[in-house]
Amino acid sequence: MRYDDDARLDASEVTDQRGSGGSPGFGGGGGGGGGLVALIIGMLLRGRGGKASLGVVVLAVIGFLAVQFLGGGTGTSTNVAGGFGDPGGPAQVGTGDLASECRTGADANAKLDCAIVADINSIQAYWAGGGYARAASAVRGAQPTYQRVDTVFFSGGVRTACGSADSSAGPFYCPGDNLVYIDLTFYDQLQQQFGAQGGPLVNAYVLAHEYGHHVQAQLGTEAKVRSRQGATSDSVRLELQADCYAGVWMNHAAPLITDITPEDLNSAVDAAQRIGDDYIQGTLGGGTVNPDSFTHGSSEQRKRWLTTGYTGGDPTRCDTFATNAL
């Protein structure tokens with residue numbers, strides 16, 4: 001996968017808060033294996049950015065994984081689900097540096113930060129350029145047009161309208177301030193702790209999934225979610241639909257992104273499978289897989305819906321709420 005060397009990048013779609021000295025403001029955190037547990041908890045939470053019930057977090061994730069790894073601790077990232085703070089995004093810190101460094105696709109081919117800027121530009125160009133209108137055509141009451149939203153780069157911790165989070169929470173979308181948040185060190189964690197292959201399309205898939213949640217918020221889909229846990233729950237359907245939306249974008253990633261190879265696609269599918277509930281519970285958690293506690297879907301389901309989006313390229317085929325065959 002490569003970026004068009006001559007494409008112009010728009011760094012204004014990123015707010016760079018790294019180095020601002022912000023603290024997530026958590027109480028006492030766990031030690032030892034807490035980082036991995038908090039990362040896993042964050043992965044299971046990240047799509048709902050504060051709207052997951054705390055009961056689901058405790059029962060579905062902490063109750064299983066924390067006992068396995070910590071003997072009962074809760075990890076520090078659970079504040080993501082702990083209520084809404086004051087609305088509004090963080091102040092811009094260092095965004096001008098991105099604007100000067102990330103000007104073209106050639107910069108994206110050379111620097112990770114610029115590659116992420118290019119990914120965000122491409123994802124939002126698709127949804128603003130007709131993808132959202134296509135999705136909205138099948139949803140009564142959807143907002144009429146796509147609203148572009150920023151991604152916030154942070155390091156260590158960040159305060160959001162959905163509460164406080166640290167980097168172990170993983171990437172997430174906060175509907176309270178309509179922002180996507182990511183600590184870019186997550187990409188290293190995805191490979192080192194989850195065993196994913198990694199690569200540029202994996203990085204883009206992670207963000208495309210989060211922007212899928214923004215699309216759901218605009219369509220009104222997220223607001224209709226009621227059941228938060230279980231193999232056929234609304235929560236699982238929401239996450240699988242976000243995977244499908246990410247696949248749809250991959251189908252339309254050109255012209256900014258070019259030369260997506262089968263190897264790139266395989267790496268994205270591999271990443272999707274490694275954040276399936278069954279993989280996290282059975283392989284990373286080392287315990288029994290319990291479908292009744294699923295919040296994101298199985299590895300096979302995540303593969304299936306990501307692939308459905310990519311092969312069809314049509315967001316109206318991503319209606320996970322209208323099928324019994326998840």
# chains A, B, ... in the order shown; residues from 1 in each chain; ligands from 1
call {"tool": "residues_around", "arguments": {"residues": "Val206 of chain A", "least_positions_apart": "5", "cutoff": "12 Å", "atoms": "only C-alpha atoms", "output": "PDB file with C-alpha atoms, in the first residue's frame"}}
result
ATOM      1  CA  MET A  43     -10.207  -2.406  22.942  1.00  0.00           C
ATOM      2  CA  ARG A  46     -13.313   1.954  22.400  1.00  0.00           C
ATOM      3  CA  GLY A  47     -16.180   1.992  19.897  1.00  0.00           C
ATOM      4  CA  ILE A 116      -2.173   8.761   9.585  1.00  0.00           C
ATOM      5  CA  ASP A 119      -5.621   7.948   6.189  1.00  0.00           C
ATOM      6  CA  ILE A 120      -7.940  10.395   7.936  1.00  0.00           C
ATOM      7  CA  ILE A 123     -11.610   8.174   5.128  1.00  0.00           C
ATOM      8  CA  GLY A 170      -6.770   2.111  22.742  1.00  0.00           C
ATOM      9  CA  PRO A 171      -8.315   4.267  20.006  1.00  0.00           C
ATOM     10  CA  PHE A 172     -11.900   5.380  20.559  1.00  0.00           C
ATOM     11  CA  TYR A 173     -14.611   7.679  19.258  1.00  0.00           C
ATOM     12  CA  VAL A 180     -11.643  10.303  17.457  1.00  0.00           C
ATOM     13  CA  TYR A 181      -8.780   9.786  19.912  1.00  0.00           C
ATOM     14  CA  ILE A 182      -5.599   7.766  19.478  1.00  0.00           C
ATOM     15  CA  ASP A 183      -2.182   7.398  21.056  1.00  0.00           C
ATOM     16  CA  LEU A 184      -0.080   6.265  18.106  1.00  0.00           C
ATOM     17  CA  PHE A 186      -1.186   1.714  20.120  1.00  0.00           C
ATOM     18  CA  TYR A 187       0.023   0.405  16.772  1.00  0.00           C
ATOM     19  CA  LEU A 190      -1.343  -4.142  18.600  1.00  0.00           C
ATOM     20  CA  GLY A 198       0.684  -4.651  11.507  1.00  0.00           C
ATOM     21  CA  GLY A 199       1.259  -2.459   8.489  1.00  0.00           C
ATOM     22  CA  PRO A 200      -0.149   0.685   6.887  1.00  0.00           C
ATOM     23  CA  LEU A 201      -3.563  -0.756   6.049  1.00  0.00           C
ATOM     24  CA  TYR A 211     -14.905   6.855  11.927  1.00  0.00           C
ATOM     25  CA  GLY A 212     -17.484   4.158  11.276  1.00  0.00           C
ATOM     26  CA  HIS A 213     -18.777   4.870  14.771  1.00  0.00           C
ATOM     27  CA  ALA A 242     -18.240  -0.369  12.046  1.00  0.00           C
ATOM     28  CA  ASP A 243     -15.905  -3.080  10.707  1.00  0.00           C
ATOM     29  CA  TYR A 245     -17.935   0.461   7.126  1.00  0.00           C
ATOM     30  CA  ALA A 246     -14.138   0.294   7.433  1.00  0.00           C
ATOM     31  CA  GLY A 247     -14.090  -2.292   4.661  1.00  0.00           C
ATOM     32  CA  TRP A 249     -13.857   2.726   2.829  1.00  0.00           C
ATOM     33  CA  MET A 250     -10.960   0.420   1.851  1.00  0.00           C
ATOM     34  CA  SER A 267      -2.944  -7.959   7.462  1.00  0.00           C
ATOM     35  CA  ALA A 268      -6.111  -5.927   8.077  1.00  0.00           C
ATOM     36  CA  VAL A 269      -8.191  -9.093   8.376  1.00  0.00           C
ATOM     37  CA  ALA A 271      -5.866  -7.459  12.973  1.00  0.00           C
ATOM     38  CA  ALA A 272      -9.668  -7.679  12.984  1.00  0.00           C
ATOM     39  CA  ILE A 275      -9.508  -8.201  18.517  1.00  0.00           C
ATOM     40  CA  LEU A 306     -14.753  -6.354   7.182  1.00  0.00           C
TER      41      LEU A 306
END
call {"tool": "residues_around", "arguments": {"residues": "Tyr126 of chain A", "least_positions_apart": "5", "cutoff": "8 Å", "atoms": "only C-alpha atoms", "output": "list in words"}}
result
Gly131, Tyr132, Trp249, His252 and Ala253 of chain A
call {"tool": "residues_around", "arguments": {"residues": "Ala110 of chain A", "least_positions_apart": "5", "cutoff": "12 Å", "atoms": "only C-alpha atoms", "output": "PyMOL selection string"}}
result
chain A and resi 2-5+101-105+115-116+118+200
call {"tool": "write_last_selection", "arguments": {"atoms": "C-alpha atoms", "output": "tab-separated table (two decimals), in the first residue's frame"}}
result
chain	number	residue	atom	x	y	z
A	2	ARG	CA	1.26	3.46	-0.89
A	3	TYR	CA	0.03	7.02	-0.93
A	4	ASP	CA	-0.07	9.10	-4.10
A	5	ASP	CA	3.14	11.12	-3.88
A	101	GLU	CA	5.72	18.30	7.92
A	102	CYS	CA	2.76	16.57	6.27
A	103	ARG	CA	2.08	18.31	2.98
A	104	THR	CA	1.94	15.55	0.36
A	105	GLY	CA	1.49	11.86	-0.13
A	115	ALA	CA	0.48	8.49	6.88
A	116	ILE	CA	-2.17	8.76	9.59
A	118	ALA	CA	-3.47	10.81	4.87
A	200	PRO	CA	-0.15	0.69	6.89
call {"tool": "select_by_dssp", "arguments": {"residues": "segment 168-322 of chain A", "states": "strand (DSSP E or B)", "output": "PyMOL selection string"}}
result
chain A and resi 172-174+179-182+257-258
call {"tool": "atom_distance", "arguments": {"atom1": "atom CA of Asp277 of chain A", "atom2": "atom CA of Phe294 of chain A"}}
result
5.8 Å
call {"tool": "residues_around", "arguments": {"residues": "Cys318 of chain A", "least_positions_apart": "4", "cutoff": "10 Å", "atoms": "only C-alpha atoms", "output": "JSON, numbers by chain"}}
result
{"A": [135, 237, 240, 241, 242, 243, 244, 245, 247, 248, 305, 306, 308, 309, 312, 313, 314, 322, 323]}
call {"tool": "write_last_selection", "arguments": {"atoms": "all heavy atoms", "output": "CSV table (one decimal), in the first residue's frame"}}
result
chain,number,residue,atom,x,y,z
A,135,ALA,N,-25.2,5.7,2.6
A,135,ALA,CA,-25.7,5.0,3.8
A,135,ALA,C,-27.0,5.6,4.4
A,135,ALA,O,-27.9,4.9,4.8
A,135,ALA,CB,-24.6,5.1,4.9
A,237,ARG,N,-23.5,-6.0,17.1
A,237,ARG,CA,-24.0,-5.6,15.8
A,237,ARG,C,-23.4,-4.2,15.4
A,237,ARG,O,-23.0,-4.0,14.3
A,237,ARG,CB,-25.5,-5.5,15.8
A,237,ARG,CG,-26.2,-6.9,15.9
A,237,ARG,CD,-27.7,-6.9,16.0
A,237,ARG,NE,-28.3,-8.2,16.3
A,237,ARG,CZ,-28.5,-9.1,15.4
A,237,ARG,NH1,-28.4,-8.8,14.1
A,237,ARG,NH2,-29.0,-10.3,15.8
A,240,LEU,N,-19.6,-4.8,14.6
A,240,LEU,CA,-19.5,-5.4,13.3
A,240,LEU,C,-19.8,-4.5,12.1
A,240,LEU,O,-19.2,-4.6,11.1
A,240,LEU,CB,-20.3,-6.7,13.2
A,240,LEU,CG,-19.9,-7.8,14.3
A,240,LEU,CD1,-20.9,-9.0,14.1
A,240,LEU,CD2,-18.5,-8.3,14.0
A,241,GLN,N,-20.8,-3.7,12.3
A,241,GLN,CA,-21.2,-2.7,11.3
A,241,GLN,C,-20.0,-1.7,11.1
A,241,GLN,O,-19.7,-1.3,9.9
A,241,GLN,CB,-22.4,-2.0,11.7
A,241,GLN,CG,-22.9,-1.0,10.6
A,241,GLN,CD,-24.2,-0.3,10.9
A,241,GLN,OE1,-24.3,0.4,11.9
A,241,GLN,NE2,-25.3,-0.6,10.1
A,242,ALA,N,-19.4,-1.3,12.2
A,242,ALA,CA,-18.2,-0.4,12.0
A,242,ALA,C,-17.1,-1.0,11.3
A,242,ALA,O,-16.4,-0.4,10.5
A,242,ALA,CB,-17.8,0.1,13.4
A,243,ASP,N,-16.9,-2.3,11.5
A,243,ASP,CA,-15.9,-3.1,10.7
A,243,ASP,C,-16.3,-3.1,9.2
A,243,ASP,O,-15.4,-2.9,8.4
A,243,ASP,CB,-15.8,-4.5,11.2
A,243,ASP,CG,-14.9,-4.7,12.4
A,243,ASP,OD1,-14.1,-3.8,12.6
A,243,ASP,OD2,-15.0,-5.7,13.1
A,244,CYS,N,-17.6,-3.3,9.0
A,244,CYS,CA,-18.0,-3.3,7.6
A,244,CYS,C,-17.8,-1.9,6.9
A,244,CYS,O,-17.4,-1.8,5.8
A,244,CYS,CB,-19.5,-3.7,7.6
A,244,CYS,SG,-20.2,-4.0,5.9
A,245,TYR,N,-18.2,-0.9,7.7
A,245,TYR,CA,-17.9,0.5,7.1
A,245,TYR,C,-16.5,0.7,6.8
A,245,TYR,O,-16.1,1.4,5.8
A,245,TYR,CB,-18.4,1.5,8.1
A,245,TYR,CG,-19.9,1.7,8.2
A,245,TYR,CD1,-20.5,2.3,9.3
A,245,TYR,CD2,-20.8,1.3,7.2
A,245,TYR,CE1,-21.9,2.4,9.4
A,245,TYR,CE2,-22.1,1.4,7.2
A,245,TYR,CZ,-22.7,2.0,8.3
A,245,TYR,OH,-24.1,2.2,8.4
A,247,GLY,N,-14.4,-1.6,5.9
A,247,GLY,CA,-14.1,-2.3,4.7
A,247,GLY,C,-14.6,-1.6,3.4
A,247,GLY,O,-14.0,-1.5,2.4
A,248,VAL,N,-15.8,-0.9,3.6
A,248,VAL,CA,-16.3,-0.1,2.5
A,248,VAL,C,-15.3,1.0,2.1
A,248,VAL,O,-15.1,1.2,0.9
A,248,VAL,CB,-17.7,0.5,2.9
A,248,VAL,CG1,-18.1,1.5,1.8
A,248,VAL,CG2,-18.7,-0.7,3.0
A,305,TRP,N,-17.4,-9.4,8.3
A,305,TRP,CA,-18.0,-8.1,8.0
A,305,TRP,C,-17.0,-7.1,7.4
A,305,TRP,O,-17.4,-6.3,6.6
A,305,TRP,CB,-18.7,-7.6,9.3
A,305,TRP,CG,-20.0,-8.3,9.5
A,305,TRP,CD1,-20.2,-9.3,10.4
A,305,TRP,CD2,-21.2,-8.1,8.8
A,305,TRP,NE1,-21.5,-9.8,10.2
A,305,TRP,CE2,-22.2,-9.0,9.3
A,305,TRP,CE3,-21.6,-7.2,7.8
A,305,TRP,CZ2,-23.5,-9.1,8.8
A,305,TRP,CZ3,-22.9,-7.3,7.3
A,305,TRP,CH2,-23.8,-8.2,7.8
A,306,LEU,N,-15.8,-7.2,7.8
A,306,LEU,CA,-14.8,-6.4,7.2
A,306,LEU,C,-14.6,-6.7,5.7
A,306,LEU,O,-14.6,-5.8,4.8
A,306,LEU,CB,-13.4,-6.5,7.9
A,306,LEU,CG,-12.2,-5.7,7.3
A,306,LEU,CD1,-12.5,-4.3,7.4
A,306,LEU,CD2,-10.9,-6.1,8.0
A,308,THR,N,-17.0,-8.2,3.9
A,308,THR,CA,-18.2,-7.9,3.2
A,308,THR,C,-18.2,-6.4,2.8
A,308,THR,O,-18.6,-6.1,1.7
A,308,THR,CB,-19.4,-8.1,4.2
A,308,THR,OG1,-19.6,-9.5,4.5
A,308,THR,CG2,-20.7,-7.6,3.6
A,309,GLY,N,-17.7,-5.5,3.6
A,309,GLY,CA,-17.6,-4.1,3.3
A,309,GLY,C,-16.6,-3.9,2.1
A,309,GLY,O,-16.9,-3.1,1.2
A,312,GLY,N,-18.0,-5.6,-1.3
A,312,GLY,CA,-19.2,-4.9,-1.9
A,312,GLY,C,-19.0,-3.4,-2.1
A,312,GLY,O,-19.6,-2.9,-3.0
A,313,GLY,N,-18.3,-2.8,-1.2
A,313,GLY,CA,-18.1,-1.4,-1.4
A,313,GLY,C,-19.3,-0.5,-1.2
A,313,GLY,O,-19.4,0.6,-1.7
A,314,ASP,N,-20.3,-1.1,-0.5
A,314,ASP,CA,-21.6,-0.4,-0.4
A,314,ASP,C,-22.1,-0.4,1.0
A,314,ASP,O,-22.3,-1.5,1.6
A,314,ASP,CB,-22.7,-1.2,-1.3
A,314,ASP,CG,-24.0,-0.5,-1.3
A,314,ASP,OD1,-24.2,0.5,-0.5
A,314,ASP,OD2,-24.9,-1.0,-2.0
A,322,ALA,N,-30.2,-6.1,10.7
A,322,ALA,CA,-31.3,-6.7,10.0
A,322,ALA,C,-31.1,-8.1,9.6
A,322,ALA,O,-31.8,-8.7,8.8
A,322,ALA,CB,-31.6,-5.8,8.8
A,323,THR,N,-30.1,-8.7,10.2
A,323,THR,CA,-29.8,-10.1,9.9
A,323,THR,C,-29.6,-11.0,11.1
A,323,THR,O,-29.2,-10.5,12.2
A,323,THR,CB,-28.5,-10.2,9.1
A,323,THR,OG1,-28.2,-11.5,8.7
A,323,THR,CG2,-27.3,-9.6,9.8
call {"tool": "select_by_dssp", "arguments": {"residues": "segment 114-321 of chain A", "states": "helix (DSSP H, G or I)", "output": "PyMOL selection string"}}
result
chain A and resi 114-136+167-169+186-192+200-219+222-224+234-251+262-274+277-284+291-293+299-312+315-318+320-321
call {"tool": "atom_distance", "arguments": {"atom1": "atom CA of Glu239 of chain A", "atom2": "atom CA of Thr295 of chain A"}}
result
7.9 Å
call {"tool": "closest_residue", "arguments": {"among": "A:Asn290, A:Ser12, A:Gln229, A:Ser155", "to": "Asn121 of chain A", "atoms": "only C-alpha atoms"}}
result
A:Ser12
call {"tool": "atom_distance", "arguments": {"atom1": "atom CA of Ala208 of chain A", "atom2": "atom CA of Thr185 of chain A"}}
result
17.3 Å
call {"tool": "residues_around", "arguments": {"residues": "Arg148 of chain A", "least_positions_apart": "3", "cutoff": "9 Å", "atoms": "only C-alpha atoms", "output": "number ranges by chain"}}
result
A: 13, 124-125, 127-128
call {"tool": "residues_around", "arguments": {"residues": "His214 of chain A", "least_positions_apart": "5", "cutoff": "9 Å", "atoms": "only C-alpha atoms", "output": "list of chain:residue names"}}
result
A:Gln147, A:Val149, A:Tyr173, A:Cys174, A:Pro175, A:Asn178, A:Leu179, A:Val180, A:Leu219, A:Glu222
call {"tool": "residues_around", "arguments": {"residues": "Arg226 of chain A", "least_positions_apart": "4", "cutoff": "10 Å", "atoms": "only C-alpha atoms", "output": "ChimeraX atom specification"}}
result
/A:52,222,233-235
call {"tool": "write_last_selection", "arguments": {"atoms": "N, CA, C and O atoms", "output": "PDB file, in the first residue's frame"}}
result
ATOM      1  N   ALA A  52     -20.988   2.801  26.750  1.00  0.00           N
ATOM      2  CA  ALA A  52     -21.090   1.448  27.269  1.00  0.00           C
ATOM      3  C   ALA A  52     -21.441   1.536  28.750  1.00  0.00           C
ATOM      4  O   ALA A  52     -20.922   2.361  29.480  1.00  0.00           O
ATOM      5  N   GLU A 222     -26.296   4.434  16.653  1.00  0.00           N
ATOM      6  CA  GLU A 222     -25.731   4.220  17.980  1.00  0.00           C
ATOM      7  C   GLU A 222     -26.744   4.531  19.070  1.00  0.00           C
ATOM      8  O   GLU A 222     -26.809   3.840  20.093  1.00  0.00           O
ATOM      9  N   SER A 233     -26.081  -9.296  20.608  1.00  0.00           N
ATOM     10  CA  SER A 233     -26.487  -8.023  21.205  1.00  0.00           C
ATOM     11  C   SER A 233     -26.357  -6.874  20.217  1.00  0.00           C
ATOM     12  O   SER A 233     -25.661  -6.960  19.202  1.00  0.00           O
ATOM     13  N   ASP A 234     -27.019  -5.777  20.551  1.00  0.00           N
ATOM     14  CA  ASP A 234     -26.883  -4.563  19.741  1.00  0.00           C
ATOM     15  C   ASP A 234     -25.438  -4.084  19.718  1.00  0.00           C
ATOM     16  O   ASP A 234     -24.969  -3.548  18.710  1.00  0.00           O
ATOM     17  N   SER A 235     -24.744  -4.252  20.822  1.00  0.00           N
ATOM     18  CA  SER A 235     -23.347  -3.832  20.889  1.00  0.00           C
ATOM     19  C   SER A 235     -22.492  -4.561  19.862  1.00  0.00           C
ATOM     20  O   SER A 235     -21.699  -3.944  19.143  1.00  0.00           O
TER      21      SER A 235
END
